[in-house]
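So this block is final28.cif, mmCIF, C-alpha atoms:
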data_query
loop_
_atom_site.label_atom_id
_atom_site.label_comp_id
_atom_site.auth_asym_id
_atom_site.auth_seq_id
_atom_site.Cartn_x
_atom_site.Cartn_y
_atom_site.Cartn_z
CA MET A 838 0.00 0.00 0.00
CA PHE A 839 1.28 3.40 -0.89
CA SER A 840 0.19 6.59 0.70
CA ARG A 841 -1.38 9.36 -1.30
CA SER A 842 1.65 11.61 -0.79
CA ALA A 843 4.05 8.97 -2.15
CA LEU A 844 1.86 8.35 -5.21
CA ALA A 845 1.50 12.03 -5.87
CA ARG A 846 5.30 12.41 -5.67
CA VAL A 847 5.88 9.56 -8.16
CA PHE A 848 3.37 10.86 -10.71
CA ALA A 849 4.63 14.46 -10.36
CA LEU A 850 8.29 13.53 -11.01
CA PRO A 851 8.10 13.29 -14.86
CA LEU A 852 6.40 16.67 -15.00
CA GLU A 853 9.28 18.31 -13.12
CA GLN A 854 11.86 16.56 -15.35
CA ALA A 855 9.95 17.66 -18.47
CA THR A 856 9.92 21.28 -17.40
CA ARG A 857 13.62 21.39 -16.38
CA PRO A 858 15.19 21.14 -19.92
CA SER A 859 13.36 24.21 -21.15
CA PHE A 860 14.58 26.24 -18.19
CA THR A 861 18.14 24.94 -18.60
CA THR A 862 18.18 25.57 -22.36
CA THR A 863 16.93 29.09 -21.89
CA THR A 864 19.58 29.83 -19.29
CA PHE A 865 22.36 28.35 -21.48
CA ARG A 866 21.24 30.37 -24.48
CA ALA A 867 21.19 33.52 -22.42
CA CYS A 868 24.70 32.87 -21.15
CA LEU A 869 25.91 31.98 -24.63
CA HIS A 870 24.45 35.17 -26.02
CA GLN A 871 26.18 37.23 -23.35
CA ALA A 872 29.56 35.55 -24.05
CA THR A 873 29.42 36.17 -27.82
CA THR A 874 28.77 39.91 -27.49
CA THR A 875 31.87 42.12 -28.11
CA PRO A 876 32.75 44.76 -25.53
CA PRO A 877 32.60 48.33 -26.86
CA ASN A 878 36.26 49.04 -26.00
CA GLN A 879 37.62 45.97 -27.82
CA PRO A 880 38.55 46.40 -31.55
CA THR A 881 36.59 44.28 -34.01
CA GLU A 882 39.47 44.02 -36.52
CA PRO A 883 42.97 42.67 -35.89
CA LEU A 884 45.63 45.25 -35.20
CA SER A 885 47.96 46.02 -38.09
CA ALA A 886 51.64 46.90 -37.80
CA ALA A 887 52.70 50.55 -38.06
CA PRO A 888 54.02 51.70 -41.47
CA ARG A 889 57.44 52.62 -40.04
CA ALA A 890 57.85 49.05 -38.70
CA GLN A 891 57.08 47.56 -42.13
CA SER A 892 59.56 49.83 -43.95
CA SER A 893 62.73 48.12 -45.16
CA SER A 894 64.84 51.27 -44.72
CA PRO A 895 64.55 52.45 -41.11
CA LYS A 896 65.10 56.09 -40.26
CA PRO A 897 68.45 56.97 -38.67
CA GLN A 898 68.16 57.45 -34.94
CA THR A 899 69.52 60.72 -33.65
CA GLN A 900 71.25 60.57 -30.30
CA PRO A 901 70.22 63.20 -27.75
CA PRO A 902 72.85 65.78 -26.78
CA PRO A 903 74.77 65.12 -23.55
CA LEU A 904 73.33 66.57 -20.38
CA ASN A 905 76.55 68.21 -19.20
CA PRO A 906 78.75 69.01 -22.22
CA VAL A 907 82.37 69.75 -21.40
CA ALA A 908 83.57 73.05 -22.82
CA THR A 909 87.13 73.03 -24.09
CA THR A 910 87.43 76.65 -25.27
CA ARG A 911 85.89 79.92 -24.30
CA ALA A 912 83.61 79.81 -27.38
CA ASP A 913 81.98 76.63 -26.02
CA VAL A 914 80.98 78.31 -22.77
CA PRO A 915 77.29 79.34 -22.71
CA ALA A 916 76.51 83.05 -22.85
CA SER A 917 74.87 82.92 -19.41
CA LYS A 918 78.17 81.75 -17.88
CA GLN A 919 80.44 84.18 -19.69
CA PRO A 920 82.28 86.53 -17.32
CA ILE A 921 81.14 90.11 -17.14
CA ALA A 922 83.49 92.54 -18.85
CA PRO A 923 84.96 95.15 -16.50
CA THR A 924 83.73 98.72 -16.83
CA PHE A 925 86.00 101.70 -16.22
CA THR A 926 85.38 105.42 -16.41
CA ALA A 927 88.88 106.28 -17.68
CA PRO A 928 91.06 104.53 -20.30
CA LEU A 929 94.15 102.58 -19.31
CA THR A 930 97.30 104.71 -19.01
CA VAL A 931 100.60 102.96 -19.70
CA SER A 932 104.12 104.32 -19.65
CA GLN A 933 106.52 104.39 -22.56
CA SER A 934 108.92 102.02 -20.81
CA LEU A 935 106.14 99.46 -20.36
CA LEU A 936 105.28 99.59 -24.06
CA GLU A 937 108.92 98.88 -24.91
CA THR A 938 109.36 95.91 -22.54
CA LEU A 939 105.86 94.41 -22.74
CA PRO A 940 106.49 92.60 -26.10
CA HIS A 941 109.32 90.63 -24.48
CA LEU A 942 106.98 89.43 -21.74
CA THR A 943 104.04 88.56 -24.01
CA SER A 944 106.18 86.64 -26.53
CA GLN A 945 107.74 84.36 -23.91
CA LYS A 946 105.31 81.65 -22.83
CA PRO A 947 104.02 80.07 -20.65
CA HIS A 948 102.98 82.88 -18.32
CA TYR A 949 102.25 82.76 -14.62
CA ILE A 950 100.56 85.16 -12.25
CA THR A 951 100.31 85.61 -8.52
CA ALA A 952 96.55 85.95 -8.06
CA HIS A 953 95.05 87.15 -4.79
CA LEU A 954 91.76 85.80 -3.53
CA HIS A 955 90.57 86.99 -0.12
CA ASP A 956 94.07 88.43 0.50
CA ARG A 957 95.73 85.06 -0.13
CA PRO A 958 98.26 84.72 -2.95
CA TYR A 959 98.11 81.80 -5.40
CA LEU A 960 100.91 81.22 -7.89
CA ILE A 961 99.14 79.68 -10.89
CA THR A 962 99.70 79.01 -14.57
CA GLU A 963 97.49 77.62 -17.35
CA GLY A 964 96.37 74.04 -16.73
CA ASP A 965 96.93 74.03 -12.96
CA ALA A 966 94.43 72.51 -10.53
CA LEU A 967 93.68 74.74 -7.55
CA ARG A 968 91.95 73.67 -4.35
CA LEU A 969 90.78 76.61 -2.31
CA PRO A 970 91.05 76.25 1.49
CA PHE A 971 87.36 77.15 1.83
CA LEU A 972 84.00 76.53 0.19
CA MET A 973 83.25 79.29 -2.31
CA PRO A 974 79.58 80.35 -2.06
CA ASN A 975 77.12 80.90 -4.91
CA VAL A 976 79.04 78.86 -7.51
CA GLN A 977 78.13 75.69 -9.38
CA PRO A 978 80.32 73.13 -11.19
CA GLY A 979 80.98 74.44 -14.69
CA ASP A 980 80.96 78.14 -13.83
CA VAL A 981 83.77 80.26 -15.27
CA LEU A 982 85.36 82.81 -12.95
CA ARG A 983 87.92 85.50 -13.61
CA PHE A 984 90.73 86.46 -11.24
CA ASN A 985 91.15 90.21 -11.65
CA ARG A 986 93.55 90.86 -8.79
CA ALA A 987 97.19 89.95 -9.30
CA SER A 988 100.41 91.35 -7.89
CA VAL A 989 102.89 89.68 -10.28
CA LEU A 990 102.78 88.82 -14.00
CA GLY A 991 105.76 86.91 -15.31
CA SER A 992 107.43 84.38 -17.57
CA ARG A 993 110.75 82.59 -17.36
CA ASP A 994 112.95 85.71 -17.77
CA PHE A 995 110.61 88.71 -17.32
CA THR A 996 108.42 89.89 -14.47
CA LEU A 997 105.90 92.70 -14.13
CA LYS A 998 105.10 93.72 -10.56
CA GLY A 999 102.27 95.87 -9.31
CA ALA A 1000 102.07 98.35 -6.47
CA PRO A 1001 100.28 96.62 -4.87
CA TYR A 1002 98.30 95.11 -7.79
CA VAL A 1003 98.59 95.16 -11.55
CA ASP A 1004 95.79 96.76 -13.54
CA GLU A 1005 93.35 94.02 -14.50
CA ARG A 1006 93.13 95.32 -18.08
CA LEU A 1007 96.68 94.09 -18.71
CA PHE A 1008 95.93 90.38 -18.29
CA GLU A 1009 93.19 87.74 -18.29
CA CYS A 1010 93.00 84.79 -15.92
CA ARG A 1011 89.98 82.52 -16.12
CA VAL A 1012 89.26 79.45 -14.01
CA ARG A 1013 86.51 76.84 -14.09
CA VAL A 1014 84.74 75.43 -11.04
CA MET A 1015 85.23 71.65 -11.14
CA GLY A 1016 83.38 70.62 -8.00
CA VAL A 1017 83.59 70.32 -4.24
CA ASP A 1018 86.04 68.19 -2.26
CA SER A 1019 85.69 67.21 1.39
CA GLU A 1020 88.26 66.08 3.90
CA PRO A 1021 88.00 62.96 6.10
CA LEU A 1022 85.93 63.24 9.24
CA ARG A 1023 87.97 64.60 12.14
CA VAL A 1024 87.08 63.98 15.79
CA LYS A 1025 88.56 66.18 18.50
CA GLU A 1026 88.24 65.38 22.19
CA LYS A 1027 87.85 68.29 24.56
CA THR A 1028 87.87 68.05 28.35
CA LYS A 1029 88.36 70.31 31.33
CA ARG A 1030 90.27 69.93 34.53
CA ARG A 1031 88.65 67.99 37.36
CA ARG A 1032 85.85 66.85 35.09
CA ARG A 1033 85.28 63.31 33.90
CA HIS A 1034 83.17 64.28 30.92
CA VAL A 1035 84.95 64.18 27.54
CA GLN A 1036 83.30 66.09 24.74
CA LYS A 1037 83.86 64.90 21.15
CA ILE A 1038 83.60 67.50 18.39
CA THR A 1039 83.42 66.36 14.77
CA SER A 1040 84.33 68.46 11.74
CA LYS A 1041 84.34 67.77 8.00
CA HIS A 1042 85.39 70.78 5.95
CA ARG A 1043 84.64 71.17 2.24
CA TYR A 1044 86.76 72.86 -0.39
CA THR A 1045 86.15 74.23 -3.89
CA LEU A 1046 88.15 72.72 -6.77
CA LEU A 1047 89.21 75.00 -9.66
CA ARG A 1048 90.94 74.41 -12.98
CA VAL A 1049 92.95 77.25 -14.56
CA MET A 1050 91.74 77.55 -18.14
CA GLU A 1051 93.60 80.62 -19.38
CA VAL A 1052 96.45 82.86 -18.29
CA LYS A 1053 97.03 85.56 -20.88
CA ILE A 1054 99.02 88.79 -20.86
CA LYS A 1055 97.73 91.24 -23.44
CA SER A 1056 100.01 92.55 -26.13
CA VAL A 1057 100.58 96.19 -27.08
CA GLU A 1058 98.27 95.90 -30.11
CA GLU A 1059 95.41 94.62 -27.96
CA LEU A 1060 95.86 97.39 -25.44
CA GLN A 1061 95.81 100.00 -28.19
CA ARG A 1062 92.63 98.53 -29.68
CA GLU A 1063 90.99 98.77 -26.25
CA GLY A 1064 91.91 102.45 -26.04
CA ALA A 1065 95.06 102.50 -23.90
CA VAL A 1066 96.74 105.91 -23.58
CA VAL A 1067 100.48 106.45 -23.36
CA GLY A 1068 101.44 108.63 -20.43
CA GLU A 1069 104.33 109.50 -18.18
CA GLY A 1070 103.06 107.63 -15.15
CA LYS A 1071 103.33 103.96 -14.37
CA ALA A 1072 100.78 101.41 -15.55
#

Do you think you could lay out the structure here as structure tokens?
Amino acid sequence: MFSRSALARVFALPLEQATRPSFTTTTFRACLHQATTTPPNQPTEPLSAAPRAQSSSPKPQTQPPPLNPVATTRADVPASKQPIAPTFTAPLTVSQSLLETLPHLTSQKPHYITAHLHDRPYLITEGDALRLPFLMPNVQPGDVLRFNRASVLGSRDFTLKGAPYVDERLFECRVRVMGVDSEPLRVKEKTKRRRRHVQKITSKHRYTLLRVMEVKIKSVEELQREGAVVGEGKA
């Protein structure tokens, strides 16, 4: 004997199985339709290669200029870093004796000068490397400076001395800032009498490195072109 609920469940089973395929087929078709649709951002055609990639003769590649070009002459120095020309209210006055002996000094090279920077003399010639005993402010590597204070201009056999300095219109001395150098770290111990505390003070000084680019003593023709006047006094 079967109960009414069991019979009803047996007879109702084929109806549920018959209705399930239609529901499953509809769901599968809906999912298949969603999968075959193309997104709006995706291209419908295959990507093609660029024309420059298909060319048999590629264009020559130009290399970018260096970031920090090294200037070898004064013409290679940018205009923003060129030294400012000195301005004077009166022309240079030279003596007759100086005009007679100056060609001997200018013709004999190399020249040297005794330049003064912060009241310290530096004997330099062209090509020398100079390390200042301090850190020069407001300068950057690559800047070109001019030493316009010198007490002695000379060569191997001739010397021109100033009283105390030579007029800066008689010579040109240009240096280039190469960078900054620092010394090793120094530690100094300081203590006082009847005290057990020892104080340690550290110091690490920095110095400016320079390279002498040009040491030139002007000739008589250059002085005359700049408007030098011959007088009785000393230059």

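Pairwise distance (CA of Val1035 in chain A, CA of Arg1023 in chain A) equals 15.7 Å.
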
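For the set A:Ile1038, A:Leu990, A:Val1012, A:Leu954, the residue with the smallest atom-to-atom gap to Ile1054 in chain A is A:Leu990, counting only C-alpha atoms.
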
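In this model, the gap between CA of Phe971 in chain A and CA of Thr996 in chain A comes to 29.5 Å.
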
- [ ] Pick out the closest residue to Glu937 in chain A from this set: A:Ser1056, A:Asn985, A:Thr951, A:Ser1040. Count only C-alpha atoms.
- [x] A:Ser1056

- [ ] I need the residue set behind the PyMOL selection byres ((chain A and resi 927) around 12) for this file; please write it as a PyMOL selection string.
- [x] chain A and resi 923-926+928-930+1006+1063-1066

File dump, residues just selected, C-alpha atoms, as an mmCIF file, in the coordinates of the input:
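To be explicit, this is the file written out as part_11.cif:
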data_model
loop_
_atom_site.group_PDB
_atom_site.id
_atom_site.type_symbol
_atom_site.label_atom_id
_atom_site.label_comp_id
_atom_site.auth_asym_id
_atom_site.auth_seq_id
_atom_site.Cartn_x
_atom_site.Cartn_y
_atom_site.Cartn_z
ATOM 1 C CA PRO A 923 84.960 95.150 -16.500
ATOM 2 C CA THR A 924 83.730 98.720 -16.830
ATOM 3 C CA PHE A 925 86.000 101.700 -16.220
ATOM 4 C CA THR A 926 85.380 105.420 -16.410
ATOM 5 C CA PRO A 928 91.060 104.530 -20.300
ATOM 6 C CA LEU A 929 94.150 102.580 -19.310
ATOM 7 C CA THR A 930 97.300 104.710 -19.010
ATOM 8 C CA ARG A 1006 93.130 95.320 -18.080
ATOM 9 C CA GLU A 1063 90.990 98.770 -26.250
ATOM 10 C CA GLY A 1064 91.910 102.450 -26.040
ATOM 11 C CA ALA A 1065 95.060 102.500 -23.900
ATOM 12 C CA VAL A 1066 96.740 105.910 -23.580
#

Near range 1047-1053 of chain A, 7 Å: range 978-1024 of chain A residue rows, closest pairs, only C-alpha atoms, as CSV:
residue,atom,partner,partner_atom,distance
A:Phe1008,CA,A:Lys1053,CA,5.6
A:Glu1009,CA,A:Lys1053,CA,5.1
A:Cys1010,CA,A:Val1052,CA,4.6
A:Arg1011,CA,A:Glu1051,CA,5.2
A:Val1012,CA,A:Val1049,CA,4.3
A:Arg1013,CA,A:Arg1048,CA,5.2
A:Val1014,CA,A:Leu1047,CA,4.7
A:Met1015,CA,A:Leu1047,CA,5.4

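Among the candidate residues A:Ala966, A:His948, A:Leu972, A:Tyr959, the one lying nearest to Phe984 in chain A is A:Tyr959, with distances computed using only C-alpha atoms.
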
Open item on the list: Between CA of Leu960 in chain A and CA of Arg1043 in chain A, what is the distance in Å, rounded to a tenth?
Closed with: 21.6 Å

Open item on the list: Counting all atoms listed in the file, which residue out of A:Gln1061, A:Gln933, A:Thr1045, A:Gln945 sits closest to Gln977 in chain A?
Closed with: A:Thr1045

Would you compute an axis-aligned box for range 936-948 of chain A, covering every atom listed for it in the file with 8 Å of margin on each side, and report centre and edge lengths in Å to one decimal as JSON?
{"center_x": 106.2, "center_y": 89.8, "center_z": -22.4, "size_x": 22.4, "size_y": 35.5, "size_z": 24.2}

- [ ] Given the file shown, determine the residues that the PyMOL selection byres ((chain A and resi 991) around 8) selects; report them as a ChimeraX atom specification.
- [x] /A:942,948-950,989-990,992-997

TODO: Choose the residue, out of A:Glu1005, A:Glu1058, A:Asp980, A:Glu1026, that has the smallest atom-to-atom separation from Ala916 in chain A; count all atoms listed in the file.
DONE: A:Asp980

Open item on the list: Residues within 8 Å of Leu1007 in chain A, please, as number ranges by chain. Count only C-alpha atoms; anything in the same chain fewer than 4 positions from it doesn't count.
Closed with: A: 1003, 1054-1055, 1060

Can you give me N, CA and C atoms for range 1044-1067 of chain A, written as a PDB file, in the frame of the given file?
ATOM      1  N   TYR A1044      85.933  71.931   0.362  1.00  0.00           N
ATOM      2  CA  TYR A1044      86.760  72.860  -0.390  1.00  0.00           C
ATOM      3  C   TYR A1044      86.269  72.903  -1.846  1.00  0.00           C
ATOM      4  N   THR A1045      86.516  74.034  -2.491  1.00  0.00           N
ATOM      5  CA  THR A1045      86.150  74.230  -3.890  1.00  0.00           C
ATOM      6  C   THR A1045      87.341  73.914  -4.781  1.00  0.00           C
ATOM      7  N   LEU A1046      87.108  73.106  -5.822  1.00  0.00           N
ATOM      8  CA  LEU A1046      88.150  72.720  -6.770  1.00  0.00           C
ATOM      9  C   LEU A1046      88.034  73.578  -8.018  1.00  0.00           C
ATOM     10  N   LEU A1047      89.158  74.138  -8.475  1.00  0.00           N
ATOM     11  CA  LEU A1047      89.210  75.000  -9.660  1.00  0.00           C
ATOM     12  C   LEU A1047      90.234  74.450 -10.640  1.00  0.00           C
ATOM     13  N   ARG A1048      90.006  74.747 -11.911  1.00  0.00           N
ATOM     14  CA  ARG A1048      90.940  74.410 -12.980  1.00  0.00           C
ATOM     15  C   ARG A1048      91.245  75.699 -13.754  1.00  0.00           C
ATOM     16  N   VAL A1049      92.535  76.039 -13.870  1.00  0.00           N
ATOM     17  CA  VAL A1049      92.950  77.250 -14.560  1.00  0.00           C
ATOM     18  C   VAL A1049      92.846  77.008 -16.056  1.00  0.00           C
ATOM     19  N   MET A1050      91.959  77.728 -16.709  1.00  0.00           N
ATOM     20  CA  MET A1050      91.740  77.550 -18.140  1.00  0.00           C
ATOM     21  C   MET A1050      92.637  78.442 -18.989  1.00  0.00           C
ATOM     22  N   GLU A1051      92.884  79.669 -18.539  1.00  0.00           N
ATOM     23  CA  GLU A1051      93.600  80.620 -19.380  1.00  0.00           C
ATOM     24  C   GLU A1051      94.372  81.601 -18.512  1.00  0.00           C
ATOM     25  N   VAL A1052      95.613  81.804 -18.873  1.00  0.00           N
ATOM     26  CA  VAL A1052      96.450  82.860 -18.290  1.00  0.00           C
ATOM     27  C   VAL A1052      97.072  83.602 -19.467  1.00  0.00           C
ATOM     28  N   LYS A1053      96.629  84.803 -19.689  1.00  0.00           N
ATOM     29  CA  LYS A1053      97.030  85.560 -20.880  1.00  0.00           C
ATOM     30  C   LYS A1053      97.430  86.967 -20.486  1.00  0.00           C
ATOM     31  N   ILE A1054      98.555  87.416 -21.016  1.00  0.00           N
ATOM     32  CA  ILE A1054      99.020  88.790 -20.860  1.00  0.00           C
ATOM     33  C   ILE A1054      98.816  89.488 -22.194  1.00  0.00           C
ATOM     34  N   LYS A1055      98.103  90.572 -22.200  1.00  0.00           N
ATOM     35  CA  LYS A1055      97.730  91.240 -23.440  1.00  0.00           C
ATOM     36  C   LYS A1055      98.944  91.921 -24.075  1.00  0.00           C
ATOM     37  N   SER A1056      98.937  91.918 -25.386  1.00  0.00           N
ATOM     38  CA  SER A1056     100.010  92.550 -26.130  1.00  0.00           C
ATOM     39  C   SER A1056      99.741  94.044 -26.289  1.00  0.00           C
ATOM     40  N   VAL A1057     100.722  94.742 -26.878  1.00  0.00           N
ATOM     41  CA  VAL A1057     100.580  96.190 -27.080  1.00  0.00           C
ATOM     42  C   VAL A1057      99.466  96.482 -28.072  1.00  0.00           C
ATOM     43  N   GLU A1058      99.321  95.678 -29.116  1.00  0.00           N
ATOM     44  CA  GLU A1058      98.270  95.900 -30.110  1.00  0.00           C
ATOM     45  C   GLU A1058      96.881  95.749 -29.483  1.00  0.00           C
ATOM     46  N   GLU A1059      96.710  94.778 -28.620  1.00  0.00           N
ATOM     47  CA  GLU A1059      95.410  94.620 -27.960  1.00  0.00           C
ATOM     48  C   GLU A1059      95.104  95.770 -27.030  1.00  0.00           C
ATOM     49  N   LEU A1060      96.088  96.252 -26.335  1.00  0.00           N
ATOM     50  CA  LEU A1060      95.860  97.390 -25.440  1.00  0.00           C
ATOM     51  C   LEU A1060      95.504  98.646 -26.244  1.00  0.00           C
ATOM     52  N   GLN A1061      96.130  98.828 -27.371  1.00  0.00           N
ATOM     53  CA  GLN A1061      95.810 100.000 -28.190  1.00  0.00           C
ATOM     54  C   GLN A1061      94.424  99.891 -28.793  1.00  0.00           C
ATOM     55  N   ARG A1062      93.995  98.687 -29.168  1.00  0.00           N
ATOM     56  CA  ARG A1062      92.630  98.530 -29.680  1.00  0.00           C
ATOM     57  C   ARG A1062      91.595  98.804 -28.598  1.00  0.00           C
ATOM     58  N   GLU A1063      91.926  98.509 -27.349  1.00  0.00           N
ATOM     59  CA  GLU A1063      90.990  98.770 -26.250  1.00  0.00           C
ATOM     60  C   GLU A1063      91.027 100.206 -25.777  1.00  0.00           C
ATOM     61  N   GLY A1064      91.888 101.037 -26.366  1.00  0.00           N
ATOM     62  CA  GLY A1064      91.910 102.450 -26.040  1.00  0.00           C
ATOM     63  C   GLY A1064      92.912 102.855 -24.981  1.00  0.00           C
ATOM     64  N   ALA A1065      94.035 102.125 -24.877  1.00  0.00           N
ATOM     65  CA  ALA A1065      95.060 102.500 -23.900  1.00  0.00           C
ATOM     66  C   ALA A1065      95.739 103.795 -24.331  1.00  0.00           C
ATOM     67  N   VAL A1066      96.108 104.604 -23.353  1.00  0.00           N
ATOM     68  CA  VAL A1066      96.740 105.910 -23.580  1.00  0.00           C
ATOM     69  C   VAL A1066      98.146 105.864 -23.022  1.00  0.00           C
ATOM     70  N   VAL A1067      99.093 106.397 -23.792  1.00  0.00           N
ATOM     71  CA  VAL A1067     100.480 106.450 -23.360  1.00  0.00           C
ATOM     72  C   VAL A1067     100.677 107.699 -22.526  1.00  0.00           C
TER      73      VAL A1067
END
